[in-house]
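Peer 1: Sharing input38.cif here; it has mmCIF, C-alpha atoms and all ligand atoms.
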```cif
data_coords
#
loop_
_atom_site.label_atom_id
_atom_site.label_comp_id
_atom_site.auth_asym_id
_atom_site.auth_seq_id
_atom_site.Cartn_x
_atom_site.Cartn_y
_atom_site.Cartn_z
CA MET A 140 35.64 23.84 -47.04
CA SER A 141 38.52 26.33 -47.25
CA LEU A 142 38.04 29.91 -46.09
CA ASN A 143 36.73 32.50 -48.52
CA HIS A 144 37.28 30.70 -51.78
CA VAL A 145 35.48 31.92 -54.88
CA VAL A 146 32.93 29.79 -56.74
CA LEU A 147 31.45 30.40 -60.19
CA PHE A 148 27.92 29.57 -61.29
CA SER A 149 26.40 29.84 -64.75
CA ASP A 150 22.91 31.08 -65.59
CA ALA A 151 20.06 29.15 -63.86
CA GLU A 152 22.46 26.92 -61.97
CA VAL A 153 21.11 26.06 -58.50
CA ILE A 154 23.45 27.04 -55.62
CA PHE A 155 21.37 25.38 -52.96
CA ASP A 156 17.85 24.03 -52.61
CA LYS A 157 15.24 24.26 -49.91
CA GLY A 158 15.95 21.62 -47.27
CA ASP A 159 19.72 21.49 -47.91
CA GLU A 160 22.02 21.64 -44.93
CA GLY A 161 23.43 25.14 -44.47
CA ASN A 162 27.17 24.89 -44.12
CA CYS A 163 28.20 28.20 -45.66
CA ALA A 164 26.94 31.59 -46.78
CA TYR A 165 27.89 33.54 -49.90
CA ILE A 166 28.83 37.09 -50.79
CA ILE A 167 27.96 38.07 -54.35
CA ASP A 168 31.03 39.45 -56.14
CA ARG A 169 29.56 39.55 -59.65
CA GLY A 170 26.20 38.74 -61.20
CA ARG A 171 22.78 38.28 -59.65
CA ILE A 172 21.12 35.61 -57.52
CA GLU A 173 17.46 34.68 -57.29
CA ILE A 174 16.10 33.44 -53.98
CA PHE A 175 13.05 31.25 -54.53
CA LEU A 176 10.55 29.44 -52.37
CA VAL A 177 9.54 25.93 -53.33
CA ASP A 178 5.79 25.38 -53.42
CA GLY A 179 4.94 21.87 -54.51
CA GLY A 180 6.37 21.68 -58.01
CA THR A 181 6.60 25.43 -58.60
CA ASN A 182 9.30 27.85 -57.58
CA THR A 183 8.23 31.32 -56.43
CA PRO A 184 10.96 33.96 -56.67
CA VAL A 185 11.05 36.20 -53.57
CA ALA A 186 14.19 38.27 -54.09
CA ILE A 187 16.87 39.15 -56.59
CA LEU A 188 20.21 39.98 -54.97
CA GLY A 189 23.20 41.74 -56.50
CA PRO A 190 26.93 42.38 -55.88
CA GLY A 191 27.90 43.05 -52.25
CA GLU A 192 24.88 41.23 -50.83
CA ILE A 193 25.12 38.15 -48.62
CA PHE A 194 22.80 35.14 -48.70
CA GLY A 195 22.59 31.69 -47.19
CA GLU A 196 23.38 33.04 -43.71
CA MET A 197 20.12 32.09 -41.98
CA ALA A 198 20.78 28.35 -41.83
CA ILE A 199 24.13 29.04 -40.19
CA VAL A 200 22.69 31.29 -37.53
CA ASP A 201 19.88 28.99 -36.40
CA GLY A 202 21.22 25.62 -37.60
CA SER A 203 18.02 24.79 -39.52
CA PRO A 204 17.97 23.48 -43.11
CA ARG A 205 17.74 26.02 -45.95
CA SER A 206 14.20 27.44 -46.05
CA ALA A 207 14.54 28.74 -49.62
CA GLY A 208 16.57 27.93 -52.70
CA ALA A 209 19.09 30.12 -54.53
CA ARG A 210 20.11 30.09 -58.19
CA ALA A 211 22.25 32.15 -60.52
CA VAL A 212 20.67 34.73 -62.82
CA GLY A 213 23.30 34.97 -65.55
CA ASP A 214 26.89 34.02 -64.80
CA CYS A 215 28.02 34.93 -61.32
CA SER A 216 30.95 34.78 -58.99
CA LEU A 217 30.49 34.23 -55.25
CA THR A 218 32.82 34.29 -52.25
CA VAL A 219 32.11 31.48 -49.83
CA VAL A 220 31.84 32.46 -46.15
CA SER A 221 32.42 29.44 -43.93
CA LYS A 222 30.05 28.42 -41.18
CA ASP A 223 32.77 28.93 -38.55
CA GLN A 224 33.47 32.49 -39.65
CA LEU A 225 29.88 33.54 -39.05
CA TYR A 226 29.04 31.24 -36.19
CA GLU A 227 31.94 32.33 -33.95
CA ARG A 228 31.05 35.98 -34.42
CA ILE A 229 27.41 35.41 -33.65
CA GLU A 230 28.14 33.29 -30.60
CA SER A 231 30.52 35.91 -29.18
CA ALA A 232 28.06 38.76 -29.77
CA ASP A 233 26.08 40.47 -27.02
CA PRO A 234 23.18 38.18 -25.92
CA VAL A 235 20.69 40.86 -26.88
CA VAL A 236 22.10 41.05 -30.41
CA ARG A 237 22.01 37.24 -30.66
CA LEU A 238 18.40 37.19 -29.57
CA LEU A 239 17.46 39.88 -32.11
CA VAL A 240 19.20 38.03 -34.94
CA ARG A 241 17.50 34.75 -34.02
CA MET A 242 14.11 36.45 -33.75
CA LEU A 243 14.50 38.15 -37.13
CA ILE A 244 15.44 34.90 -38.80
CA LYS A 245 12.54 33.10 -37.18
CA ARG A 246 10.27 35.82 -38.46
CA ILE A 247 11.60 35.53 -42.01
CA ARG A 248 11.24 31.75 -41.99
CA GLU A 249 7.67 31.96 -40.72
CA ASN A 250 6.88 34.59 -43.31
CA ASN A 251 8.28 32.35 -46.02
CA GLU A 252 6.17 29.42 -44.85
CA LYS A 253 3.02 31.52 -44.82
CA LEU A 254 3.90 33.01 -48.18
CA ILE A 255 3.87 29.54 -49.67
CA SER A 256 0.73 28.33 -47.97
CA HIS A 257 -1.34 31.53 -48.32
CA LYS A 258 0.45 33.12 -51.25
CA THR A 259 0.14 36.37 -49.31
CA PRO A 260 2.73 38.07 -47.16
CA VAL A 261 1.87 38.20 -43.47
CA ALA A 262 1.96 41.24 -41.23
CA ALA A 263 4.81 41.38 -38.76
CA ASN A 264 2.45 41.27 -35.79
CA ASP A 265 0.81 38.19 -37.21
CA VAL A 266 3.95 36.21 -36.55
CA ASN A 267 4.33 34.42 -33.27
CA VAL A 268 7.89 35.21 -32.22
CA THR A 269 7.33 34.74 -28.51
CA GLU A 270 6.93 30.99 -28.65
CA ASN A 271 10.32 30.51 -27.04
CA PRO A 272 11.22 33.85 -25.54
CA ASP A 273 14.44 34.37 -23.67
CA GLU A 274 12.88 36.02 -20.61
CA ALA A 275 16.13 37.10 -19.07
CA VAL A 276 17.27 38.92 -22.20
CA ILE A 277 13.89 40.56 -22.75
CA ASN A 278 13.79 41.74 -19.14
CA LYS A 279 17.27 43.14 -19.53
CA ILE A 280 16.18 45.21 -22.52
CA ARG A 281 13.19 46.51 -20.56
CA PHE A 282 15.29 47.31 -17.51
CA GLU A 283 17.90 49.06 -19.62
CA LYS A 284 15.20 51.26 -21.08
CA GLU A 285 13.94 52.05 -17.58
CA LEU A 286 17.45 52.99 -16.46
CA ASN A 287 17.87 55.29 -19.42
CA GLU A 288 14.59 56.97 -18.55
CA ALA A 289 15.61 57.18 -14.88
CA LEU A 290 18.72 59.08 -15.87
CA LYS A 291 16.71 61.53 -17.95
CA ALA A 292 14.09 61.91 -15.18
CA ASN A 293 16.83 62.60 -12.63
CA GLU A 294 15.80 59.66 -10.46
CA PHE A 295 19.29 58.76 -9.28
CA VAL A 296 20.39 60.01 -5.88
CA MET A 297 23.69 59.85 -4.07
CA HIS A 298 23.99 58.59 -0.53
CA TYR A 299 27.09 59.19 1.54
CA GLN A 300 28.64 56.84 4.06
CA PRO A 301 31.06 58.38 6.55
CA ILE A 302 34.60 57.04 6.67
CA ILE A 303 35.99 57.39 10.15
CA ASN A 304 39.56 58.10 11.21
CA LEU A 305 39.87 55.29 13.75
CA LYS A 306 42.55 57.10 15.75
CA SER A 307 40.70 60.38 16.24
CA ASN A 308 37.14 58.97 15.85
CA GLU A 309 36.36 61.84 13.51
CA ILE A 310 34.70 61.77 10.14
CA ALA A 311 37.53 61.90 7.64
CA GLY A 312 35.41 61.75 4.52
CA PHE A 313 32.54 59.97 2.80
CA GLU A 314 32.05 57.28 0.20
CA ALA A 315 29.54 58.34 -2.45
CA LEU A 316 27.12 55.48 -3.22
CA ILE A 317 24.44 55.71 -5.86
CA ARG A 318 20.78 54.71 -5.39
CA TRP A 319 17.90 54.74 -7.84
CA ASP A 320 14.85 56.40 -6.35
CA SER A 321 12.38 54.68 -8.67
CA PRO A 322 8.69 55.70 -8.50
CA GLN A 323 7.89 52.10 -9.46
CA HIS A 324 10.44 50.02 -7.52
CA GLY A 325 11.28 52.31 -4.56
CA LEU A 326 14.90 52.94 -3.52
CA VAL A 327 16.93 50.47 -5.59
CA ARG A 328 20.39 49.31 -4.43
CA PRO A 329 23.28 49.80 -6.89
CA ASP A 330 24.18 46.12 -7.11
CA LEU A 331 20.76 45.58 -8.73
CA PHE A 332 21.33 48.04 -11.58
CA MET A 333 24.97 49.10 -11.89
CA GLY A 334 25.98 45.71 -13.32
CA LEU A 335 23.52 46.13 -16.16
CA ALA A 336 24.53 49.76 -16.65
CA GLU A 337 28.12 48.53 -16.86
CA GLU A 338 27.21 46.08 -19.64
CA THR A 339 25.84 48.95 -21.70
CA SER A 340 27.03 52.38 -22.64
CA LEU A 341 24.71 53.77 -19.91
CA ILE A 342 27.43 53.43 -17.28
CA VAL A 343 29.29 56.42 -18.70
CA PRO A 344 26.53 59.06 -18.41
CA ILE A 345 25.49 57.60 -15.01
CA SER A 346 29.08 57.76 -13.77
CA ASP A 347 29.48 61.29 -15.11
CA TRP A 348 26.42 62.27 -13.12
CA VAL A 349 27.81 60.49 -9.99
CA PHE A 350 31.09 62.37 -10.28
CA ASP A 351 29.40 65.72 -10.75
CA GLU A 352 26.92 65.21 -7.92
CA SER A 353 29.58 63.90 -5.50
CA CYS A 354 31.90 66.84 -6.22
CA LYS A 355 29.00 69.23 -5.70
CA SER A 356 28.31 67.65 -2.29
CA LEU A 357 32.00 67.69 -1.41
CA LYS A 358 32.15 71.40 -2.17
CA LEU A 359 29.09 72.15 0.00
CA LEU A 360 30.40 70.06 2.92
CA SER A 361 33.93 71.47 2.69
CA GLU A 362 32.59 75.03 2.67
CA LYS A 363 30.40 74.39 5.68
CA PHE A 364 33.03 72.37 7.57
CA PRO A 365 36.39 73.71 6.32
CA GLN A 366 38.33 72.56 9.39
CA GLU A 367 37.43 68.90 8.74
CA ASN A 368 39.52 68.65 5.57
CA LEU A 369 37.06 66.15 4.16
CA PHE A 370 37.58 63.80 1.25
CA MET A 371 35.05 62.14 -1.04
CA SER A 372 35.55 58.57 -2.26
CA ILE A 373 33.95 57.95 -5.65
CA ASN A 374 33.62 54.51 -7.25
CA ILE A 375 35.01 54.30 -10.76
CA SER A 376 33.82 51.68 -13.23
CA GLY A 377 35.98 49.99 -15.83
CA LYS A 378 34.12 51.55 -18.75
CA GLN A 379 34.94 55.04 -17.48
CA PHE A 380 38.60 54.24 -17.96
CA SER A 381 37.89 53.43 -21.60
CA ASP A 382 36.17 56.79 -22.09
CA PRO A 383 38.67 58.97 -24.00
CA ASP A 384 37.26 62.05 -22.27
CA PHE A 385 37.60 60.58 -18.75
CA PHE A 386 40.35 62.92 -17.54
CA ASP A 387 39.06 66.04 -19.28
CA LYS A 388 35.61 65.48 -17.81
CA MET A 389 36.92 64.96 -14.27
CA LEU A 390 39.12 68.04 -14.45
CA ALA A 391 36.25 70.13 -15.80
CA VAL A 392 33.97 68.97 -12.95
CA VAL A 393 36.47 69.64 -10.14
CA LYS A 394 37.08 73.08 -11.64
CA LYS A 395 33.36 73.76 -11.97
CA HIS A 396 32.74 72.96 -8.30
CA GLY A 397 35.97 74.47 -7.00
CA VAL A 398 37.26 71.31 -5.29
CA GLN A 399 40.80 69.96 -5.38
CA PRO A 400 41.62 66.58 -6.98
CA SER A 401 43.49 65.78 -3.73
CA GLN A 402 40.12 65.83 -1.91
CA ILE A 403 38.90 62.98 -4.09
CA LYS A 404 39.67 59.28 -3.75
CA LEU A 405 38.87 57.33 -6.90
CA GLU A 406 37.95 53.77 -5.89
CA VAL A 407 38.92 51.10 -8.40
CA THR A 408 38.43 47.38 -7.92
CA GLU A 409 40.89 44.57 -8.48
CA THR A 410 38.85 43.28 -11.41
CA LEU A 411 39.87 46.38 -13.36
CA LEU A 412 43.55 45.69 -12.82
CA VAL A 413 43.59 42.48 -14.85
CA GLU A 414 43.59 44.72 -17.93
CA GLY A 415 47.27 45.31 -17.11
CA ASP A 416 49.55 48.06 -18.39
CA PHE A 417 46.80 50.13 -19.94
CA VAL A 418 45.10 50.48 -16.54
CA LYS A 419 48.40 51.14 -14.80
CA ILE A 420 49.01 54.11 -17.11
CA LEU A 421 45.53 55.47 -16.35
CA ILE A 422 45.90 55.02 -12.59
CA ASP A 423 49.27 56.75 -12.68
CA LYS A 424 47.74 59.59 -14.68
CA CYS A 425 44.96 60.01 -12.09
CA ARG A 426 47.62 60.31 -9.40
CA GLU A 427 49.73 62.71 -11.49
CA LEU A 428 46.68 64.94 -11.79
CA GLY A 429 46.45 64.97 -8.00
CA PHE A 430 43.59 62.50 -7.45
CA ASN A 431 44.02 59.79 -4.83
CA VAL A 432 43.37 56.24 -5.94
CA SER A 433 42.07 53.55 -3.56
CA LEU A 434 42.14 49.84 -4.30
CA ASP A 435 38.61 48.71 -3.43
CA ASP A 436 37.40 45.25 -2.35
CA PHE A 437 40.98 44.21 -1.65
CA GLY A 438 41.39 40.47 -1.34
CA THR A 439 38.32 39.46 -3.33
CA GLY A 440 39.98 39.30 -6.76
CA TYR A 441 43.05 37.46 -8.01
CA SER A 442 46.75 38.03 -7.44
CA SER A 443 46.13 40.85 -4.99
CA LEU A 444 49.73 40.90 -3.90
CA SER A 445 51.21 41.29 -7.35
CA TYR A 446 48.88 44.21 -7.96
CA LEU A 447 50.33 45.94 -4.94
CA SER A 448 53.80 45.82 -6.41
CA ASP A 449 52.77 46.63 -9.99
CA PHE A 450 50.36 49.48 -9.29
CA SER A 451 50.55 52.54 -7.02
CA PHE A 452 47.68 53.32 -4.69
CA ASP A 453 47.00 55.86 -1.97
CA ASN A 454 44.65 53.63 0.03
CA LEU A 455 43.72 50.02 0.28
CA LYS A 456 40.19 49.02 1.22
CA ILE A 457 39.78 45.70 2.99
CA ASP A 458 36.64 44.06 1.68
CA LYS A 459 33.76 43.75 4.10
CA SER A 460 33.69 39.97 3.69
CA PHE A 461 36.98 39.77 5.63
CA VAL A 462 35.78 42.08 8.38
CA LYS A 463 32.58 40.07 8.71
CA LYS A 464 34.47 36.78 9.12
CA MET A 465 37.44 37.90 11.18
CA GLY A 466 35.65 37.70 14.55
CA ALA A 467 34.66 34.06 14.17
CA ASP A 468 37.50 32.77 12.04
CA ASN A 469 41.08 32.97 13.23
CA LYS A 470 42.53 32.44 9.76
CA THR A 471 40.66 35.48 8.43
CA ALA A 472 41.84 37.50 11.41
CA VAL A 473 45.44 36.56 10.53
CA ILE A 474 44.88 37.58 6.90
CA VAL A 475 43.47 40.96 7.97
CA GLN A 476 46.37 41.42 10.34
CA SER A 477 48.81 40.68 7.49
CA ILE A 478 47.06 43.10 5.14
CA VAL A 479 47.22 45.88 7.73
CA SER A 480 50.89 45.30 8.55
CA MET A 481 51.82 44.94 4.88
CA SER A 482 50.07 48.19 4.05
CA LYS A 483 51.98 49.90 6.82
CA GLY A 484 55.22 48.73 5.23
CA LEU A 485 54.02 50.02 1.88
CA GLU A 486 52.82 53.25 3.51
CA VAL A 487 49.37 52.79 2.01
CA PRO A 488 46.75 53.49 4.72
CA VAL A 489 44.00 50.89 5.07
CA ILE A 490 40.27 51.61 5.06
CA ALA A 491 38.25 48.70 6.48
CA GLU A 492 34.72 48.31 5.13
CA GLY A 493 31.75 46.66 6.77
CA ILE A 494 32.46 47.45 10.43
CA GLU A 495 29.19 46.41 12.01
CA THR A 496 30.02 45.71 15.65
CA LEU A 497 32.13 47.06 18.45
CA GLU A 498 34.13 43.82 18.25
CA ASP A 499 34.95 44.46 14.60
CA LEU A 500 36.06 47.97 15.47
CA THR A 501 38.13 46.89 18.47
CA SER A 502 39.97 44.22 16.48
CA LEU A 503 40.70 46.59 13.61
CA THR A 504 41.95 49.43 15.80
CA SER A 505 44.13 47.05 17.79
CA LEU A 506 45.70 45.95 14.48
CA GLY A 507 46.42 49.60 13.70
CA CYS A 508 43.92 49.98 10.88
CA GLU A 509 43.71 53.71 10.08
CA TYR A 510 40.21 54.20 8.66
CA GLY A 511 36.88 52.39 8.82
CA GLN A 512 33.35 52.54 7.54
CA GLY A 513 30.33 50.44 8.30
CA TYR A 514 26.89 50.22 9.79
CA TYR A 515 28.38 50.45 13.29
CA PHE A 516 29.07 54.11 12.54
CA SER A 517 26.39 54.81 9.98
CA LYS A 518 24.67 53.42 6.91
CA PRO A 519 25.03 55.48 3.73
CA VAL A 520 22.72 58.49 4.19
CA ALA A 521 21.21 61.29 2.12
CA PHE A 522 23.18 64.52 1.78
CA SER A 523 21.18 66.39 4.41
CA GLU A 524 21.83 63.66 6.97
CA ALA A 525 25.54 63.66 6.15
CA GLU A 526 25.54 67.39 6.76
CA GLU A 527 23.70 66.92 10.04
CA MET A 528 26.13 64.20 11.05
CA LEU A 529 29.04 66.62 10.63
CA SER A 530 27.20 69.32 12.60
CA ASN A 531 26.71 66.87 15.48
CA ALA A 532 30.05 65.15 15.06
CA SER A 533 31.21 65.81 18.59
CA THR A 534 28.16 64.18 20.14
CA ILE A 535 27.61 61.43 17.67
CA VAL A 536 27.92 57.68 18.08
CA PHE A 537 31.54 57.43 17.03
CA LYS A 538 32.38 55.86 20.35
CA ARG A 539 35.95 55.89 21.46
CA VAL A 540 37.07 52.35 22.19
CA SER A 541 38.16 52.20 25.77
P1 LIG B 601 31.40 49.04 -2.62
O1 LIG B 601 32.15 50.06 -3.41
O2 LIG B 601 32.18 47.94 -2.02
O3 LIG B 601 30.61 49.86 -1.52
C1 LIG B 601 30.46 49.44 -0.22
C2 LIG B 601 29.15 48.75 -0.03
O4 LIG B 601 29.11 48.19 1.27
C3 LIG B 601 27.96 49.70 -0.10
O5 LIG B 601 26.88 48.97 -0.68
C4 LIG B 601 27.68 49.97 1.36
O6 LIG B 601 26.36 50.37 1.60
C5 LIG B 601 27.95 48.61 1.94
N1 LIG B 601 28.26 48.68 3.37
C6 LIG B 601 28.85 49.68 4.03
N2 LIG B 601 28.99 49.38 5.33
C7 LIG B 601 28.47 48.15 5.50
C8 LIG B 601 28.31 47.28 6.63
O7 LIG B 601 28.67 47.57 7.75
N3 LIG B 601 27.75 46.06 6.38
C9 LIG B 601 27.33 45.69 5.16
N4 LIG B 601 26.78 44.49 5.02
N5 LIG B 601 27.45 46.48 4.06
C10 LIG B 601 28.02 47.70 4.24
P2 LIG B 601 25.99 49.62 -1.77
O8 LIG B 601 25.79 51.08 -1.50
O9 LIG B 601 24.79 48.75 -1.91
O10 LIG B 601 26.89 49.52 -3.05
C11 LIG B 601 27.19 48.27 -3.61
C12 LIG B 601 28.21 48.40 -4.69
O11 LIG B 601 27.69 49.11 -5.82
C13 LIG B 601 29.42 49.20 -4.26
O12 LIG B 601 30.25 48.36 -3.52
C14 LIG B 601 29.99 49.60 -5.61
O13 LIG B 601 30.72 48.52 -6.17
C15 LIG B 601 28.75 49.81 -6.43
N6 LIG B 601 28.46 51.24 -6.47
C16 LIG B 601 27.76 51.99 -5.59
N7 LIG B 601 27.70 53.27 -5.98
C17 LIG B 601 28.41 53.34 -7.13
C18 LIG B 601 28.74 54.40 -8.04
O14 LIG B 601 28.37 55.57 -7.83
N8 LIG B 601 29.50 54.08 -9.11
C19 LIG B 601 29.94 52.82 -9.35
N9 LIG B 601 30.69 52.58 -10.43
N10 LIG B 601 29.66 51.79 -8.53
C20 LIG B 601 28.90 52.05 -7.43
CA CA B 602 33.71 51.36 -3.03
CA CA B 603 34.22 47.87 -1.37
#
```
I'd like the structure from this file rewritten - as structure tokens, please.
Ligand code: C2E
Ligand code: CA
Ligand code: CA

Peer 2:
Amino acid sequence: MSLNHVVLFSDAEVIFDKGDEGNCAYIIDRGRIEIFLVDGGTNTPVAILGPGEIFGEMAIVDGSPRSAGARAVGDCSLTVVSKDQLYERIESADPVVRLLVRMLIKRIRENNEKLISHKTPVAANDVNVTENPDEAVINKIRFEKELNEALKANEFVMHYQPIINLKSNEIAGFEALIRWDSPQHGLVRPDLFMGLAEETSLIVPISDWVFDESCKSLKLLSEKFPQENLFMSINISGKQFSDPDFFDKMLAVVKKHGVQPSQIKLEVTETLLVEGDFVKILIDKCRELGFNVSLDDFGTGYSSLSYLSDFSFDNLKIDKSFVKKMGADNKTAVIVQSIVSMSKGLEVPVIAEGIETLEDLTSLTSLGCEYGQGYYFSKPVAFSEAEEMLSNASTIVFKRVS
């Protein structure tokens, strides 16, 4: 069947019958269409549709035969919508939207069946739509609602993990890491909820809150410890880059808290860079405005090396998976060594994540890695502990490697 051709029907002509295979839908251009249910020998009209309305779409969405018939009321002209045109769109839609569409169609079909057998419409809650529920999608909707409420109830908190200058053993700055302090679930790690937030529009207000809160903490710490010249690393999600107000919002927040863009390192991951030129322009703009940009999780994505030549960064963060493996695996150690020496050539200082042991630290310092963070120094901590850590910095565990 060719795409979008027009078909004409004369009064009372049947367009399709109950039980027919559904291989297309129709848009009414002119005239009216009656949808009828077939009950034994009698036809019961259930709807009259007019120009601009679409019908015959249900069988395409769920692949079942037509559950009702359709016939012309007077002469009419219809545009045929092919199965592929609708099907591709539905299949590429968000899983939640797909589930909703399928559920609605199931509900209509069940209603139609009951209408014929009882001759009375059934209440929506009388219909069993949970016979085959997609648990994962339902849970996602619930969780999304909870996240939205968490944002409103101010249940998110920032923790701060110190980033150590490995030459001086001093705290150079902190990475701001979000947690959800849920009354129901306890302290929830970001990898359990930020992915879902990222799939929805929720990531933008959450990220706005993260930026504001982290700048507020940076201001308080810089005022209390001015000599430390501290920076704050803030993780940026892909959706923030698509927010047309991204730059205006960041500039307004730094102004509000009286911090300098140069005190902030925006952490972006390799996965964001696959978007290409558009992201390059945004990264360059961040840097033009005075923000530093760090390439996070380096080595875990694709084509890491080409990114280094195509994009400009102020720091490169070696992913913790490399640091974890380098002690036991010589190949990984060679890769880390290459990353550190390459970054020296590019004059992009390296921050190593996931330093957990003295051995990790010793290897990284001997390679000339400039900065490090990890449980060996400290886990991410609440603001008050970060403050305390700076107060005690001279006596704290940041052991000089002998
Ligand atoms: P990331 O940006 O790679 O952050 C580093 C993660 O490594 C943090 O996990 C940190 O707690 C953990 N880590 C630090 N040192 C060690 C160590 O020595 N050993 C081990 N095993 N892990 C260590 P966390 O806080 O659970 O965050 C996970 C991810 O969630 C982050 O990975 C980041 O991608 C995302 N995330 C966290 N906060 C935010 C945020 O505010 N905004 C956005 N967009 N993403 C965030
Ligand atoms: Ca990060
Ligand atoms: Ca990372």

Peer 1: Show me which residues line ligand CA 603 (chain B), defined as having an atom within 7 Å of a ligand atom where only C-alpha atoms and all ligand atoms count, and present them as a ChimeraX atom specification.

Peer 2: /A:435-436,456,458-459,492

Peer 1: Could you list, as a tab-separated table (two decimals) with C-alpha atoms, keeping the file's coordinate frame, all protein and nucleic acid residues with an atom at most 8 Å from ligand CA 602 (chain B), counting all atoms listed in the file?

Peer 2:
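Output file selection29.tsv is given in full below:
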```tsv
chain	number	residue	atom	x	y	z
A	314	GLU	CA	32.05	57.28	0.20
A	316	LEU	CA	27.12	55.48	-3.22
A	372	SER	CA	35.55	58.57	-2.26
A	373	ILE	CA	33.95	57.95	-5.65
A	374	ASN	CA	33.62	54.51	-7.25
A	406	GLU	CA	37.95	53.77	-5.89
A	407	VAL	CA	38.92	51.10	-8.40
A	408	THR	CA	38.43	47.38	-7.92
A	435	ASP	CA	38.61	48.71	-3.43
A	436	ASP	CA	37.40	45.25	-2.35
```

Peer 1: Using all atoms listed in the file, determine which residues lie at most 10 Å from Ile345 of chain A, disregarding the query and same-chain residues fewer than 2 positions distant; provide the list as a list of chain:residue names.

Peer 2: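 Within the cut-off, the hits are A:Leu286, A:Asn287, A:Ala289, A:Leu290, A:Phe295, A:Ile317, A:Met333, A:Ala336, A:Glu337, A:Ser340, A:Leu341, A:Ile342, A:Val343, A:Asp347, A:Trp348, A:Val349, A:Phe350, A:Asp351.
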
Peer 1: Write out as number ranges by chain the residues lying within 12 Å of Phe313 of chain A, counting all atoms listed in the file and excluding same-chain residues fewer than 4 positions away.

Peer 2: A: 297-304, 309, 353-354, 356-357, 360-361, 367-374, 402-406, 490, 510-513, 516-522, 525-526, 528-529

Peer 1: Can you pull out the residues contacting segment 493-507 of chain A? Cut-off 10 Å, using all atoms listed in the file, and skip same-chain residues under 2 positions away; I want them as a PDB file with C-alpha atoms, keeping the file's coordinate frame.

Peer 2:
```pdb
ATOM      1  CA  LEU A 305      39.870  55.290  13.750  1.00  0.00           C
ATOM      2  CA  LYS A 306      42.550  57.100  15.750  1.00  0.00           C
ATOM      3  CA  ILE A 457      39.780  45.700   2.990  1.00  0.00           C
ATOM      4  CA  ASP A 458      36.640  44.060   1.680  1.00  0.00           C
ATOM      5  CA  LYS A 459      33.760  43.750   4.100  1.00  0.00           C
ATOM      6  CA  SER A 460      33.690  39.970   3.690  1.00  0.00           C
ATOM      7  CA  PHE A 461      36.980  39.770   5.630  1.00  0.00           C
ATOM      8  CA  VAL A 462      35.780  42.080   8.380  1.00  0.00           C
ATOM      9  CA  LYS A 463      32.580  40.070   8.710  1.00  0.00           C
ATOM     10  CA  LYS A 464      34.470  36.780   9.120  1.00  0.00           C
ATOM     11  CA  MET A 465      37.440  37.900  11.180  1.00  0.00           C
ATOM     12  CA  GLY A 466      35.650  37.700  14.550  1.00  0.00           C
ATOM     13  CA  ALA A 472      41.840  37.500  11.410  1.00  0.00           C
ATOM     14  CA  VAL A 475      43.470  40.960   7.970  1.00  0.00           C
ATOM     15  CA  GLN A 476      46.370  41.420  10.340  1.00  0.00           C
ATOM     16  CA  SER A 477      48.810  40.680   7.490  1.00  0.00           C
ATOM     17  CA  ILE A 478      47.060  43.100   5.140  1.00  0.00           C
ATOM     18  CA  VAL A 479      47.220  45.880   7.730  1.00  0.00           C
ATOM     19  CA  SER A 480      50.890  45.300   8.550  1.00  0.00           C
ATOM     20  CA  LYS A 483      51.980  49.900   6.820  1.00  0.00           C
ATOM     21  CA  PRO A 488      46.750  53.490   4.720  1.00  0.00           C
ATOM     22  CA  VAL A 489      44.000  50.890   5.070  1.00  0.00           C
ATOM     23  CA  ILE A 490      40.270  51.610   5.060  1.00  0.00           C
ATOM     24  CA  ALA A 491      38.250  48.700   6.480  1.00  0.00           C
ATOM     25  CA  GLU A 509      43.710  53.710  10.080  1.00  0.00           C
ATOM     26  CA  TYR A 510      40.210  54.200   8.660  1.00  0.00           C
ATOM     27  CA  GLY A 511      36.880  52.390   8.820  1.00  0.00           C
ATOM     28  CA  GLN A 512      33.350  52.540   7.540  1.00  0.00           C
ATOM     29  CA  GLY A 513      30.330  50.440   8.300  1.00  0.00           C
ATOM     30  CA  TYR A 514      26.890  50.220   9.790  1.00  0.00           C
ATOM     31  CA  TYR A 515      28.380  50.450  13.290  1.00  0.00           C
ATOM     32  CA  PHE A 516      29.070  54.110  12.540  1.00  0.00           C
ATOM     33  CA  SER A 517      26.390  54.810   9.980  1.00  0.00           C
ATOM     34  CA  LYS A 518      24.670  53.420   6.910  1.00  0.00           C
ATOM     35  CA  LYS A 538      32.380  55.860  20.350  1.00  0.00           C
ATOM     36  CA  ARG A 539      35.950  55.890  21.460  1.00  0.00           C
ATOM     37  CA  VAL A 540      37.070  52.350  22.190  1.00  0.00           C
ATOM     38  CA  SER A 541      38.160  52.200  25.770  1.00  0.00           C
TER      39      SER A 541
END
```

Peer 1: If we count only C-alpha atoms and set the cut-off at 9 Å, which residues sit around Asn251 of chain A, ignoring sequence neighbours fewer than 6 positions away in its own chain? Please answer as a list of chain:residue names.

Peer 2: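 So the residues in contact are A:Leu176, A:Val185, A:Ser206, A:Ala207, A:Pro260.
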
Peer 1: Would you compute an axis-aligned box for segment 203-220 of chain A, covering every atom listed for it in the file with 6 Å of margin on each side, and report centre and edge lengths in Å to one decimal as lines of an AutoDock Vina configuration file?

Peer 2:
```
center_x = 23.5
center_y = 29.2
center_z = -52.5
size_x = 30.6
size_y = 23.5
size_z = 38.0
```

Peer 1: In Å, rounded to a single decimal, give me how far atom CA of Arg328 of chain A is from atom C16 of ligand LIG 601 (chain B).

Peer 2: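 So the two atoms, atom C16 of ligand LIG 601 (chain B) and atom CA of Arg328 of chain A, lie 7.9 Å apart.
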